[in-house]
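Okay, input34.txt now, which holds compact mmCIF, C-alpha atoms:
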```
# COMPACT_ATOMS: atom_id res chain seq x y z
CA MET A 1 -14.44 26.46 -4.04
CA LYS A 2 -12.87 24.81 -7.07
CA LYS A 3 -10.26 23.13 -4.86
CA ASP A 4 -13.00 21.80 -2.55
CA ASP A 5 -14.90 20.50 -5.57
CA ASP A 6 -11.78 18.72 -6.81
CA LYS A 7 -11.21 17.08 -3.44
CA TRP A 8 -14.81 16.02 -3.20
CA MET A 9 -14.72 14.53 -6.69
CA ALA A 10 -11.44 12.76 -5.88
CA GLN A 11 -13.07 11.16 -2.87
CA MET A 12 -16.12 10.19 -4.92
CA ARG A 13 -13.92 8.60 -7.57
CA ARG A 14 -11.90 6.74 -5.01
CA GLY A 15 -15.04 5.30 -3.47
CA ALA A 16 -16.62 4.31 -6.78
CA LEU A 17 -13.64 3.15 -8.78
CA GLU A 18 -13.40 -0.33 -7.31
CA LEU A 19 -17.09 -0.95 -8.02
CA CYS A 20 -16.69 0.38 -11.56
CA ILE A 21 -13.74 -1.90 -12.29
CA LEU A 22 -15.62 -4.94 -11.03
CA ALA A 23 -18.64 -3.91 -13.13
CA VAL A 24 -16.47 -3.57 -16.24
CA LEU A 25 -14.88 -6.97 -15.67
CA ALA A 26 -18.30 -8.55 -15.21
CA ARG A 27 -18.74 -8.12 -18.98
CA GLY A 28 -15.69 -10.27 -19.70
CA ARG A 29 -11.92 -10.35 -19.51
CA ARG A 30 -10.07 -7.14 -20.27
CA TYR A 31 -6.55 -5.71 -20.21
CA GLY A 32 -5.34 -2.58 -18.46
CA TYR A 33 -5.86 0.08 -21.13
CA ASP A 34 -9.18 -1.46 -22.08
CA ILE A 35 -10.37 -1.29 -18.46
CA ALA A 36 -9.21 2.32 -18.16
CA GLN A 37 -11.14 3.25 -21.31
CA ALA A 38 -14.28 1.44 -20.22
CA VAL A 39 -14.23 2.95 -16.74
CA SER A 40 -13.51 6.48 -17.99
CA GLY A 41 -16.53 6.59 -20.26
CA PRO A 42 -17.10 9.35 -22.81
CA GLU A 43 -17.15 12.15 -20.23
CA GLY A 44 -14.27 10.83 -18.16
CA ARG A 45 -16.05 11.62 -14.91
CA VAL A 46 -15.19 8.42 -13.06
CA PHE A 47 -11.59 8.14 -14.09
CA LYS A 48 -10.34 11.28 -15.74
CA GLU A 49 -6.60 11.35 -15.18
CA GLY A 50 -3.92 9.48 -13.29
CA THR A 51 -4.97 6.23 -14.94
CA GLY A 52 -1.67 4.72 -13.79
CA THR A 53 -3.23 4.35 -10.34
CA LEU A 54 -5.53 1.75 -11.90
CA TYR A 55 -2.70 -0.79 -11.80
CA PRO A 56 -2.06 -0.81 -8.05
CA LEU A 57 -5.81 -1.16 -7.58
CA LEU A 58 -6.00 -4.10 -10.01
CA ASN A 59 -3.17 -5.76 -8.12
CA ARG A 60 -4.96 -5.24 -4.82
CA LEU A 61 -8.15 -6.76 -6.23
CA LYS A 62 -6.02 -9.68 -7.37
CA SER A 63 -4.54 -10.01 -3.90
CA GLU A 64 -8.04 -10.17 -2.47
CA GLY A 65 -8.96 -12.92 -4.92
CA LEU A 66 -11.62 -10.76 -6.60
CA VAL A 67 -9.90 -10.82 -9.99
CA ASP A 68 -7.46 -13.13 -11.74
CA ALA A 69 -4.71 -12.03 -14.08
CA GLU A 70 -3.13 -13.91 -16.96
CA TRP A 71 -0.55 -12.95 -19.57
CA GLN A 72 -1.55 -13.60 -23.16
CA PRO A 73 0.83 -13.35 -26.09
CA SER A 74 0.18 -10.60 -28.58
CA PRO A 75 1.19 -10.58 -32.25
CA GLN A 76 2.22 -6.91 -31.95
CA GLY A 77 4.34 -7.04 -28.83
CA PRO A 78 5.28 -8.77 -25.61
CA GLY A 79 1.72 -9.54 -24.67
CA ARG A 80 -1.06 -8.26 -22.52
CA LYS A 81 -2.14 -9.00 -19.01
CA TYR A 82 -5.82 -9.88 -19.01
CA TYR A 83 -7.93 -9.53 -15.90
CA THR A 84 -11.04 -11.58 -15.21
CA LEU A 85 -13.60 -11.55 -12.45
CA THR A 86 -13.50 -14.53 -10.09
CA PRO A 87 -16.64 -16.05 -8.52
CA ARG A 88 -15.69 -14.23 -5.34
CA GLY A 89 -15.41 -11.02 -7.35
CA ARG A 90 -18.90 -11.56 -8.76
CA ALA A 91 -20.32 -12.00 -5.27
CA GLN A 92 -18.50 -8.86 -4.14
CA LEU A 93 -19.85 -6.94 -7.14
CA ALA A 94 -23.43 -8.01 -6.35
CA ALA A 95 -23.06 -6.93 -2.73
CA MET A 96 -21.46 -3.60 -3.64
CA GLN A 97 -24.04 -2.95 -6.34
CA ALA A 98 -26.92 -3.42 -3.90
CA GLN A 99 -25.23 -1.11 -1.39
CA TRP A 100 -24.51 1.50 -4.04
CA LEU A 101 -28.10 1.55 -5.34
CA ALA A 102 -29.52 1.89 -1.84
CA PHE A 103 -27.01 4.62 -1.04
CA ALA A 104 -27.72 6.50 -4.27
CA ALA A 105 -31.47 6.31 -3.63
CA ASP A 106 -31.01 7.77 -0.15
CA VAL A 107 -28.83 10.59 -1.47
CA ALA A 108 -31.34 11.34 -4.24
CA ARG A 109 -34.18 11.46 -1.69
CA LEU A 110 -32.22 13.86 0.54
CA LEU A 111 -31.39 16.11 -2.40
CA ALA A 112 -35.02 16.14 -3.51
CA GLU A 113 -36.13 17.07 0.01
CA ALA A 114 -33.51 19.84 0.19
CA ASP A 115 -34.63 21.11 -3.18
CA ALA A 116 -38.28 21.10 -2.15
CA ALA A 117 -37.43 23.00 1.03
CA GLU A 118 -35.48 25.59 -0.93
CA HIS A 119 -38.20 26.17 -3.52
CA PRO A 120 -41.50 25.49 -1.75
CA ALA A 121 -43.52 28.03 -3.78
CA GLU A 122 -42.60 26.52 -7.14
CA GLY A 123 -43.67 23.12 -5.99
CA LEU A 124 -47.06 24.45 -4.75
CA ASP A 125 -47.86 26.94 -7.50
CA THR A 126 -46.89 24.84 -10.46
CA PRO A 127 -47.47 21.19 -9.71
CA GLY A 128 -45.09 18.91 -11.57
CA ARG A 129 -42.62 21.69 -12.27
CA GLY A 130 -40.86 22.11 -8.96
CA GLY A 131 -38.53 19.07 -8.97
CA PRO A 132 -34.87 19.29 -9.76
CA GLU A 133 -35.27 17.37 -12.99
CA ALA A 134 -38.04 19.64 -14.17
CA ARG A 135 -35.96 22.70 -13.34
CA ARG A 136 -32.98 21.29 -15.15
CA GLY A 137 -35.20 20.77 -18.19
CA GLN A 138 -36.39 24.36 -18.01
CA GLU A 139 -32.85 25.66 -17.72
CA GLY A 140 -31.71 23.58 -20.62
CA ALA A 141 -34.59 24.74 -22.83
CA MET B 1 13.50 13.40 -28.26
CA SER B 2 11.90 10.67 -30.36
CA GLN B 3 8.68 8.97 -29.39
CA ALA B 4 10.52 5.77 -28.39
CA GLN B 5 12.97 7.76 -26.27
CA ARG B 6 10.15 9.61 -24.55
CA ILE B 7 8.47 6.29 -23.68
CA ASP B 8 11.77 4.84 -22.46
CA ASP B 9 12.29 7.94 -20.35
CA TYR B 10 8.87 7.49 -18.72
CA LEU B 11 9.47 3.78 -18.11
CA GLY B 12 12.92 4.58 -16.69
CA ARG B 13 11.24 6.79 -14.11
CA LEU B 14 8.83 3.95 -13.39
CA ARG B 15 11.73 1.55 -12.80
CA ARG B 16 13.51 4.01 -10.54
CA ALA B 17 10.35 4.61 -8.52
CA MET B 18 10.01 0.83 -8.04
CA ARG B 19 13.59 0.48 -6.81
CA GLY B 20 13.98 -2.24 -4.20
CA ALA B 21 11.33 -4.52 -5.72
CA SER B 22 12.32 -7.82 -7.37
CA PRO B 23 13.62 -7.42 -10.93
CA ASP B 24 10.89 -9.68 -12.31
CA VAL B 25 8.20 -7.58 -10.61
CA ILE B 26 9.68 -4.40 -12.08
CA ALA B 27 9.93 -6.02 -15.52
CA GLU B 28 6.33 -7.20 -15.38
CA ALA B 29 5.07 -3.75 -14.40
CA GLU B 30 7.13 -2.15 -17.14
CA VAL B 31 5.70 -4.47 -19.79
CA GLU B 32 2.16 -3.77 -18.65
CA ILE B 33 2.59 0.02 -18.61
CA ARG B 34 4.35 -0.05 -21.99
CA ALA B 35 1.43 -2.05 -23.37
CA HIS B 36 -0.94 0.58 -21.97
CA ILE B 37 0.96 3.37 -23.71
CA GLU B 38 1.16 1.49 -27.00
CA ASP B 39 -2.53 0.59 -26.89
CA ALA B 40 -3.42 4.23 -26.24
CA LEU B 41 -1.23 5.38 -29.14
CA ALA B 42 -2.64 2.74 -31.45
CA ALA B 43 -6.06 4.36 -30.96
CA GLN B 44 -4.67 7.47 -32.76
CA SER B 45 -3.71 7.17 -36.38
CA PRO B 46 -1.02 8.20 -36.79
CA PRO B 47 -0.02 9.26 -33.26
CA THR B 48 1.59 12.68 -32.93
CA PRO B 49 4.05 13.80 -30.22
CA GLU B 50 1.12 15.66 -28.64
CA ASP B 51 -0.86 12.42 -28.51
CA LEU B 52 2.01 10.74 -26.67
CA GLU B 53 2.23 13.56 -24.15
CA SER B 54 -1.51 13.34 -23.65
CA VAL B 55 -1.28 9.58 -23.01
CA LEU B 56 1.56 10.05 -20.50
CA ASP B 57 -0.32 12.89 -18.82
CA SER B 58 -3.39 10.74 -18.46
CA LEU B 59 -1.30 7.96 -16.90
CA GLY B 60 0.10 10.46 -14.43
CA PRO B 61 3.65 10.66 -13.08
CA PRO B 62 5.00 7.15 -12.46
CA GLU B 63 6.10 8.24 -8.99
CA ALA B 64 2.41 8.62 -8.12
CA TYR B 65 1.62 4.94 -8.47
CA ALA B 66 4.85 2.94 -8.90
CA ARG B 67 5.52 2.44 -5.21
CA ASP B 68 2.00 1.19 -4.53
CA LEU B 69 2.17 -1.02 -7.59
CA ALA B 70 5.50 -2.52 -6.51
CA LEU B 71 4.29 -2.95 -2.96
CA TYR B 72 1.14 -4.81 -4.00
CA MET B 73 2.98 -7.01 -6.47
CA MET B 74 5.75 -7.79 -3.98
CA VAL B 75 3.51 -8.35 -0.99
CA ASP B 76 1.08 -10.43 -3.02
CA ARG B 77 3.88 -12.70 -4.18
CA GLY B 78 5.37 -12.94 -0.73
CA TYR B 79 1.96 -13.88 0.58
CA ARG B 80 1.13 -16.43 -2.09
CA GLU B 81 4.48 -18.12 -2.61
CA TRP B 82 6.19 -20.30 -0.02
CA SER B 83 9.66 -19.32 -1.12
CA LEU B 84 11.71 -18.09 1.83
CA PRO B 85 13.96 -15.75 -0.18
CA HIS B 86 10.95 -14.24 -1.91
CA MET B 87 9.05 -13.87 1.34
CA ALA B 88 12.07 -12.26 2.98
CA ARG B 89 12.50 -9.83 0.12
CA SER B 90 8.79 -8.99 0.04
CA VAL B 91 8.66 -8.39 3.77
CA ALA B 92 11.82 -6.26 3.63
CA PHE B 93 10.24 -4.19 0.82
CA TRP B 94 7.07 -3.85 2.90
CA ALA B 95 9.11 -2.69 5.91
CA LEU B 96 10.94 -0.10 3.83
CA SER B 97 7.76 1.17 2.18
CA THR B 98 5.30 1.55 5.06
CA LEU B 99 5.33 2.33 8.75
CA ALA B 100 3.02 -0.62 9.46
CA GLY B 101 5.50 -2.90 7.74
CA ALA B 102 8.45 -1.39 9.62
CA VAL B 103 6.76 -1.87 13.00
CA VAL B 104 5.64 -5.44 12.28
CA VAL B 105 9.05 -6.40 10.92
CA LEU B 106 10.85 -4.82 13.89
CA ILE B 107 8.72 -6.76 16.38
CA PHE B 108 9.14 -9.98 14.44
CA ALA B 109 12.89 -9.41 14.15
CA VAL B 110 13.10 -9.45 17.95
CA LEU B 111 10.91 -12.56 18.11
CA TYR B 112 12.96 -14.27 15.41
CA GLY B 113 16.07 -13.46 17.44
CA LEU B 114 14.45 -15.17 20.40
CA GLY B 115 13.60 -18.16 18.22
CA ILE B 116 17.15 -18.45 16.92
CA TRP B 117 18.54 -18.09 20.45
CA LEU B 118 16.16 -20.78 21.74
CA THR B 119 17.19 -23.04 18.87
CA VAL B 120 20.89 -22.58 19.57
CA ILE B 121 20.71 -23.10 23.35
CA GLY B 122 18.16 -25.92 22.97
CA TRP B 123 20.38 -27.84 20.56
CA TRP B 124 23.47 -27.01 22.60
CA SER B 125 21.80 -28.15 25.79
CA ALA B 126 20.38 -31.34 24.24
CA LEU B 127 23.35 -32.40 22.14
CA ALA B 128 26.37 -31.00 23.97
CA ALA B 129 25.26 -31.26 27.58
CA PRO B 130 28.60 -32.50 28.88
CA VAL B 131 30.37 -29.43 27.54
CA ARG B 132 29.51 -26.66 30.01
CA LEU B 133 30.56 -23.08 29.62
CA PRO B 134 31.75 -21.06 32.62
CA THR B 135 28.88 -19.44 34.52
CA GLY B 136 27.98 -16.00 33.20
CA LEU B 137 29.72 -16.45 29.85
CA GLY B 138 27.47 -15.40 27.03
CA PRO B 139 23.88 -16.49 26.63
CA PHE B 140 24.49 -20.21 27.08
CA SER B 141 24.79 -20.49 30.80
CA PRO B 142 22.63 -20.91 32.72
CA ALA B 143 20.52 -22.46 29.95
CA PRO B 144 16.80 -21.71 30.50
CA VAL B 145 15.82 -24.95 28.78
CA ASP B 146 17.80 -27.30 31.01
CA GLY B 147 14.65 -28.47 32.77
CA LEU B 148 12.85 -29.49 29.55
CA PRO B 149 12.94 -32.99 28.00
CA PRO B 150 15.56 -33.25 25.20
CA ILE B 151 12.95 -33.47 22.45
CA LEU B 152 11.39 -30.20 23.57
CA ARG B 153 14.81 -28.57 23.82
CA LEU B 154 15.40 -29.54 20.19
CA LEU B 155 11.99 -28.48 18.92
CA ALA B 156 11.10 -25.35 20.92
CA GLY B 157 13.22 -22.94 18.86
CA PRO B 158 12.44 -24.34 15.41
CA LEU B 159 8.72 -24.53 16.24
CA LEU B 160 8.79 -20.90 17.32
CA LEU B 161 10.51 -19.94 14.05
CA VAL B 162 7.97 -21.83 11.94
CA GLY B 163 5.10 -20.35 13.94
CA LEU B 164 6.51 -16.86 13.51
CA THR B 165 6.78 -17.40 9.76
CA TRP B 166 3.10 -18.35 9.62
CA LEU B 167 2.27 -15.30 11.70
CA VAL B 168 4.28 -12.93 9.48
CA ARG B 169 2.50 -14.37 6.47
CA TRP B 170 -0.85 -13.80 8.17
CA PHE B 171 0.08 -10.18 8.92
CA VAL B 172 1.09 -9.61 5.31
CA GLY B 173 -2.23 -11.11 4.18
CA GLN B 174 -4.11 -8.76 6.50
CA TYR B 175 -2.13 -5.85 5.16
CA VAL B 176 -2.90 -6.77 1.55
CA ARG B 177 -6.60 -6.91 2.32
CA GLY B 178 -6.75 -3.87 4.55
CA VAL B 179 -4.88 -1.11 2.75
CA ARG B 180 -6.07 0.79 -0.28
CA PRO B 181 -3.66 2.26 -2.81
CA HIS B 182 -3.68 6.00 -3.27
CA LEU B 183 -6.05 6.72 -6.09
CA ALA B 184 -6.38 10.48 -6.30
CA ALA B 185 -5.08 11.59 -9.63
CA GLY B 186 -2.45 14.11 -10.51
CA ALA B 187 1.04 15.22 -9.69
CA GLU B 188 0.11 16.25 -6.15
CA GLN B 189 -0.06 12.55 -5.32
CA ALA B 190 3.50 11.93 -6.50
CA SER B 191 4.78 12.05 -2.95
CA GLY B 192 2.46 9.22 -1.96
CA GLY B 193 -0.43 10.91 -0.19
CA TRP B 194 -1.02 12.22 3.29
CA ALA B 195 -0.70 8.89 5.09
CA ARG B 196 2.61 8.14 3.42
CA ARG B 197 3.97 11.57 4.31
CA ALA B 198 2.78 11.13 7.89
CA GLU B 199 4.61 7.79 8.01
CA ARG B 200 7.79 9.44 6.85
CA ARG B 201 7.44 12.11 9.53
CA ILE B 202 6.92 9.46 12.19
CA LEU B 203 10.04 7.63 11.04
CA ALA B 204 12.03 10.88 10.97
CA VAL B 205 10.96 11.78 14.52
CA ALA B 206 11.66 8.24 15.74
CA GLY B 207 15.08 8.23 14.08
CA LEU B 208 15.95 11.58 15.61
CA GLY B 209 14.80 10.43 19.06
CA LEU B 210 16.69 7.16 18.83
CA GLY B 211 19.91 8.81 17.62
CA LEU B 212 19.84 11.54 20.27
CA THR B 213 19.02 9.23 23.14
CA LEU B 214 21.82 6.83 22.21
CA VAL B 215 24.46 9.49 21.61
CA ALA B 216 23.62 11.60 24.68
CA GLY B 217 22.94 8.54 26.82
CA PHE B 218 26.21 6.76 26.19
CA ALA B 219 28.23 10.00 26.09
CA SER B 220 26.98 11.01 29.52
CA GLY B 221 27.25 7.53 30.97
CA ALA B 222 23.53 7.46 31.60
CA TYR B 223 23.31 4.20 29.69
CA ARG B 224 25.68 1.41 30.68
CA PHE B 225 25.83 -2.28 30.19
CA GLY B 226 25.85 -4.44 33.31
CA PRO B 227 26.92 -8.10 33.55
CA GLY B 228 25.35 -10.29 30.89
CA LEU B 229 25.06 -7.31 28.51
CA ALA B 230 21.84 -6.13 30.17
CA PRO B 231 21.42 -2.36 29.83
CA ARG B 232 21.12 -0.67 33.20
CA LEU B 233 20.37 2.90 34.26
CA PRO B 234 22.47 4.35 37.10
CA PRO B 235 20.68 5.60 40.22
CA ASP B 236 21.64 9.22 39.48
CA PHE B 237 20.12 9.07 36.00
CA GLY B 238 19.08 12.54 34.91
CA ALA B 239 21.59 14.42 37.03
CA SER B 240 23.64 15.75 34.09
CA PRO B 241 22.21 17.84 31.21
CA ALA B 242 23.31 15.20 28.68
CA ALA B 243 21.52 12.48 30.60
CA ALA B 244 18.40 14.65 30.83
CA ALA B 245 18.60 15.30 27.07
CA SER B 246 18.92 11.58 26.53
CA GLY B 247 15.80 10.97 28.62
CA LEU B 248 13.93 13.66 26.69
CA ALA B 249 14.99 12.11 23.38
CA LEU B 250 13.80 8.73 24.64
CA GLY B 251 10.41 10.35 25.25
CA VAL B 252 10.43 11.73 21.71
CA LEU B 253 11.21 8.24 20.39
CA LEU B 254 8.32 6.67 22.30
CA LEU B 255 5.90 9.42 21.27
CA ALA B 256 7.06 9.45 17.61
CA PRO B 257 3.73 8.15 16.20
CA VAL B 258 1.76 10.84 18.05
CA ILE B 259 4.22 13.61 17.16
CA GLY B 260 4.40 12.54 13.51
CA VAL B 261 0.62 12.48 13.07
CA LEU B 262 0.13 15.78 14.91
CA TRP B 263 2.86 17.30 12.76
CA SER B 264 1.10 16.15 9.60
CA VAL B 265 -2.28 17.37 10.82
CA LEU B 266 -0.90 20.82 11.62
CA VAL B 267 1.14 21.18 8.44
CA GLU B 268 -1.46 19.76 6.06
CA ARG B 269 -4.81 20.73 7.50
CA ASP B 270 -6.47 20.80 4.09
CA ALA B 271 -4.86 17.66 2.73
CA VAL B 272 -7.16 14.94 1.48
CA ASP B 273 -5.78 11.50 0.97
```
Here is a file; write its structure as structure tokens.
Amino acid sequence: MKKDDDKWMAQMRRGALELCILAVLARGRRYGYDIAQAVSGPEGRVFKEGTGTLYPLLNRLKSEGLVDAEWQPSPQGPGRKYYTLTPRGRAQLAAMQAQWLAFAADVARLLAEADAAEHPAEGLDTPGRGGPEARRGQEGA
Amino acid sequence: MSQAQRIDDYLGRLRRAMRGASPDVIAEAEVEIRAHIEDALAAQSPPTPEDLESVLDSLGPPEAYARDLALYMMVDRGYREWSLPHMARSVAFWALSTLAGAVVVLIFAVLYGLGIWLTVIGWWSALAAPVRLPTGLGPFSPAPVDGLPPILRLLAGPLLLVGLTWLVRWFVGQYVRGVRPHLAAGAEQASGGWARRAERRILAVAGLGLGLTLVAGFASGAYRFGPGLAPRLPPDFGASPAAAASGLALGVLLLAPVIGVLWSVLVERDAVD
């Protein structure tokens, strides 16, 4: 089961990573390590390990004209390669964001329906307490 | 091993995994990955050997991403820059790295050969018409462009070559836009993912089929060259075991993509790319 979970998460990450990188770059220009940190987040759910694979992806986004890259000198070393979002990248981000939100809403609806079907009595007997969020709150308490 | 040596060791593996790419592409990738490592270490104060190992672990083995990185950098340059040596090197790297590249380059190699041949006979026919070679000698006689006006004889081959160059560039552009790098993390991706392994199996099957069909075919006399260097099968083709083996190997060669994919599906049923 753990192996299946890992595969599923790997596929989720692969699907979401491009969107996450574009979203991070929408806030301004960034270099490789900075992007990896921003995408990973505190929990590291989106981009936990294998951050080296970020670089082929950045180069592909560059090939597609979605990002630009520029070397900047650094006082500490040989310099850093900064990536910025192009106008085409912004348009792509807007389109992907709309698709993602619609997709996430559909998935959330399906999960809520599945949850309601699995626990019909809770939903009827205790109004307002049968939803997944309410249950999570009860479990956490 | 000191911290600097450990970093150099990692970057050495990166360089080796990018072998075949242009030196400037490898150097650029190395600088960027070194900057990543140094930035990550700078976040720890002071960094310990464990911190360095943690940074390298989080980057993953360089073999897991170096080939994709080199391929994208090379192909992107070959696509953007109109430098013939760079384009040639990028396309060669593409052909050596992916099955799609190998197939496209093979087809275009044949077409380029046709373009060069047309150029040679066109120029020969237009500029050296009085000098005729004996009938049947080499590819120059009879010249298939004799009926064309001289200007077309001169331009047909070069125009084909230029057109093919545009077309190769277009294919490379499509490839850049169409293929995603392998993004699953971890050492299990070091061999390049399911698709890459399937490509290697296809190439192995095709190589085996090609080798066997040539060796058995020529050894048995099943393959011969007729006049004008045109390969020709004898009427009793398949009569000897060696000729039959050659025919079977030819079938393996032609079915290599199907065999390679089926092989991968059967061997790696649970693989996720």
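As for CA of Ile202 in chain B and CA of Pro257 in chain B, they are spaced 5.3 Å apart.
With CA of Ala243 in chain B on one side and CA of Trp263 in chain B on the other, the separation reads 26.3 Å.
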Determine which residues of chain A sit within 9 Å of chain B, taking into account all atoms listed in the file, and present them as a compact mmCIF listing (two decimals) with C-alpha atoms, in the frame of the given file.
```
# COMPACT_ATOMS: atom_id res chain seq x y z
CA LYS A 7 -11.21 17.08 -3.44
CA ALA A 10 -11.44 12.76 -5.88
CA GLN A 11 -13.07 11.16 -2.87
CA ARG A 13 -13.92 8.60 -7.57
CA ARG A 14 -11.90 6.74 -5.01
CA LEU A 17 -13.64 3.15 -8.78
CA TYR A 31 -6.55 -5.71 -20.21
CA GLY A 32 -5.34 -2.58 -18.46
CA TYR A 33 -5.86 0.08 -21.13
CA ASP A 34 -9.18 -1.46 -22.08
CA PHE A 47 -11.59 8.14 -14.09
CA LYS A 48 -10.34 11.28 -15.74
CA GLU A 49 -6.60 11.35 -15.18
CA GLY A 50 -3.92 9.48 -13.29
CA THR A 51 -4.97 6.23 -14.94
CA GLY A 52 -1.67 4.72 -13.79
CA THR A 53 -3.23 4.35 -10.34
CA LEU A 54 -5.53 1.75 -11.90
CA TYR A 55 -2.70 -0.79 -11.80
CA PRO A 56 -2.06 -0.81 -8.05
CA LEU A 57 -5.81 -1.16 -7.58
CA ASN A 59 -3.17 -5.76 -8.12
CA ARG A 60 -4.96 -5.24 -4.82
CA LEU A 61 -8.15 -6.76 -6.23
CA LYS A 62 -6.02 -9.68 -7.37
CA SER A 63 -4.54 -10.01 -3.90
CA GLU A 64 -8.04 -10.17 -2.47
CA GLY A 77 4.34 -7.04 -28.83
CA PRO A 78 5.28 -8.77 -25.61
CA GLY A 79 1.72 -9.54 -24.67
CA ARG A 80 -1.06 -8.26 -22.52
CA LYS A 81 -2.14 -9.00 -19.01
```
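The coordinates place CA of Leu106 in chain B at 18.4 Å from CA of His86 in chain B.
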### Query
So which residues fall inside 12 Å of (21.8, 14.4, 24.3) if we count all atoms listed in the file? Mind giving them as a PyMOL selection string?
chain B and resi 208-223+238+240-250+252
Go ahead and write the selection's residues with C-alpha atoms as a short mmCIF file (atom, residue, chain, number, x, y, z; two decimals), in the frame of the given file.
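Written file, again.cif:
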```
data_model
loop_
_atom_site.label_atom_id
_atom_site.label_comp_id
_atom_site.auth_asym_id
_atom_site.auth_seq_id
_atom_site.Cartn_x
_atom_site.Cartn_y
_atom_site.Cartn_z
CA LEU B 208 15.95 11.58 15.61
CA GLY B 209 14.80 10.43 19.06
CA LEU B 210 16.69 7.16 18.83
CA GLY B 211 19.91 8.81 17.62
CA LEU B 212 19.84 11.54 20.27
CA THR B 213 19.02 9.23 23.14
CA LEU B 214 21.82 6.83 22.21
CA VAL B 215 24.46 9.49 21.61
CA ALA B 216 23.62 11.60 24.68
CA GLY B 217 22.94 8.54 26.82
CA PHE B 218 26.21 6.76 26.19
CA ALA B 219 28.23 10.00 26.09
CA SER B 220 26.98 11.01 29.52
CA GLY B 221 27.25 7.53 30.97
CA ALA B 222 23.53 7.46 31.60
CA TYR B 223 23.31 4.20 29.69
CA GLY B 238 19.08 12.54 34.91
CA SER B 240 23.64 15.75 34.09
CA PRO B 241 22.21 17.84 31.21
CA ALA B 242 23.31 15.20 28.68
CA ALA B 243 21.52 12.48 30.60
CA ALA B 244 18.40 14.65 30.83
CA ALA B 245 18.60 15.30 27.07
CA SER B 246 18.92 11.58 26.53
CA GLY B 247 15.80 10.97 28.62
CA LEU B 248 13.93 13.66 26.69
CA ALA B 249 14.99 12.11 23.38
CA LEU B 250 13.80 8.73 24.64
CA VAL B 252 10.43 11.73 21.71
#
```
### Task
Counting all atoms listed in the file, find the residues whose atoms lie at most 8 Å from (-7.0, -10.2, -11.7) (file coordinates) and write them out as a ChimeraX atom specification.
/A:58-59,61-62,65-70,82-86
Dump C-alpha atoms for the selected residues as a PDB file, in the frame of the given file?
```pdb
ATOM      1  CA  LEU A  58      -6.000  -4.100 -10.010  1.00  0.00           C
ATOM      2  CA  ASN A  59      -3.170  -5.760  -8.120  1.00  0.00           C
ATOM      3  CA  LEU A  61      -8.150  -6.760  -6.230  1.00  0.00           C
ATOM      4  CA  LYS A  62      -6.020  -9.680  -7.370  1.00  0.00           C
ATOM      5  CA  GLY A  65      -8.960 -12.920  -4.920  1.00  0.00           C
ATOM      6  CA  LEU A  66     -11.620 -10.760  -6.600  1.00  0.00           C
ATOM      7  CA  VAL A  67      -9.900 -10.820  -9.990  1.00  0.00           C
ATOM      8  CA  ASP A  68      -7.460 -13.130 -11.740  1.00  0.00           C
ATOM      9  CA  ALA A  69      -4.710 -12.030 -14.080  1.00  0.00           C
ATOM     10  CA  GLU A  70      -3.130 -13.910 -16.960  1.00  0.00           C
ATOM     11  CA  TYR A  82      -5.820  -9.880 -19.010  1.00  0.00           C
ATOM     12  CA  TYR A  83      -7.930  -9.530 -15.900  1.00  0.00           C
ATOM     13  CA  THR A  84     -11.040 -11.580 -15.210  1.00  0.00           C
ATOM     14  CA  LEU A  85     -13.600 -11.550 -12.450  1.00  0.00           C
ATOM     15  CA  THR A  86     -13.500 -14.530 -10.090  1.00  0.00           C
TER      16      THR A  86
END
```
Test item: axis-aligned box, all listed atoms of range 17-36 of chain A, 4 Å on each side, centre and edges in Å rounded to one decimal, as JSON:
```
{"center_x": -12.0, "center_y": -3.6, "center_z": -14.7, "size_x": 21.4, "size_y": 21.5, "size_z": 22.8}
```
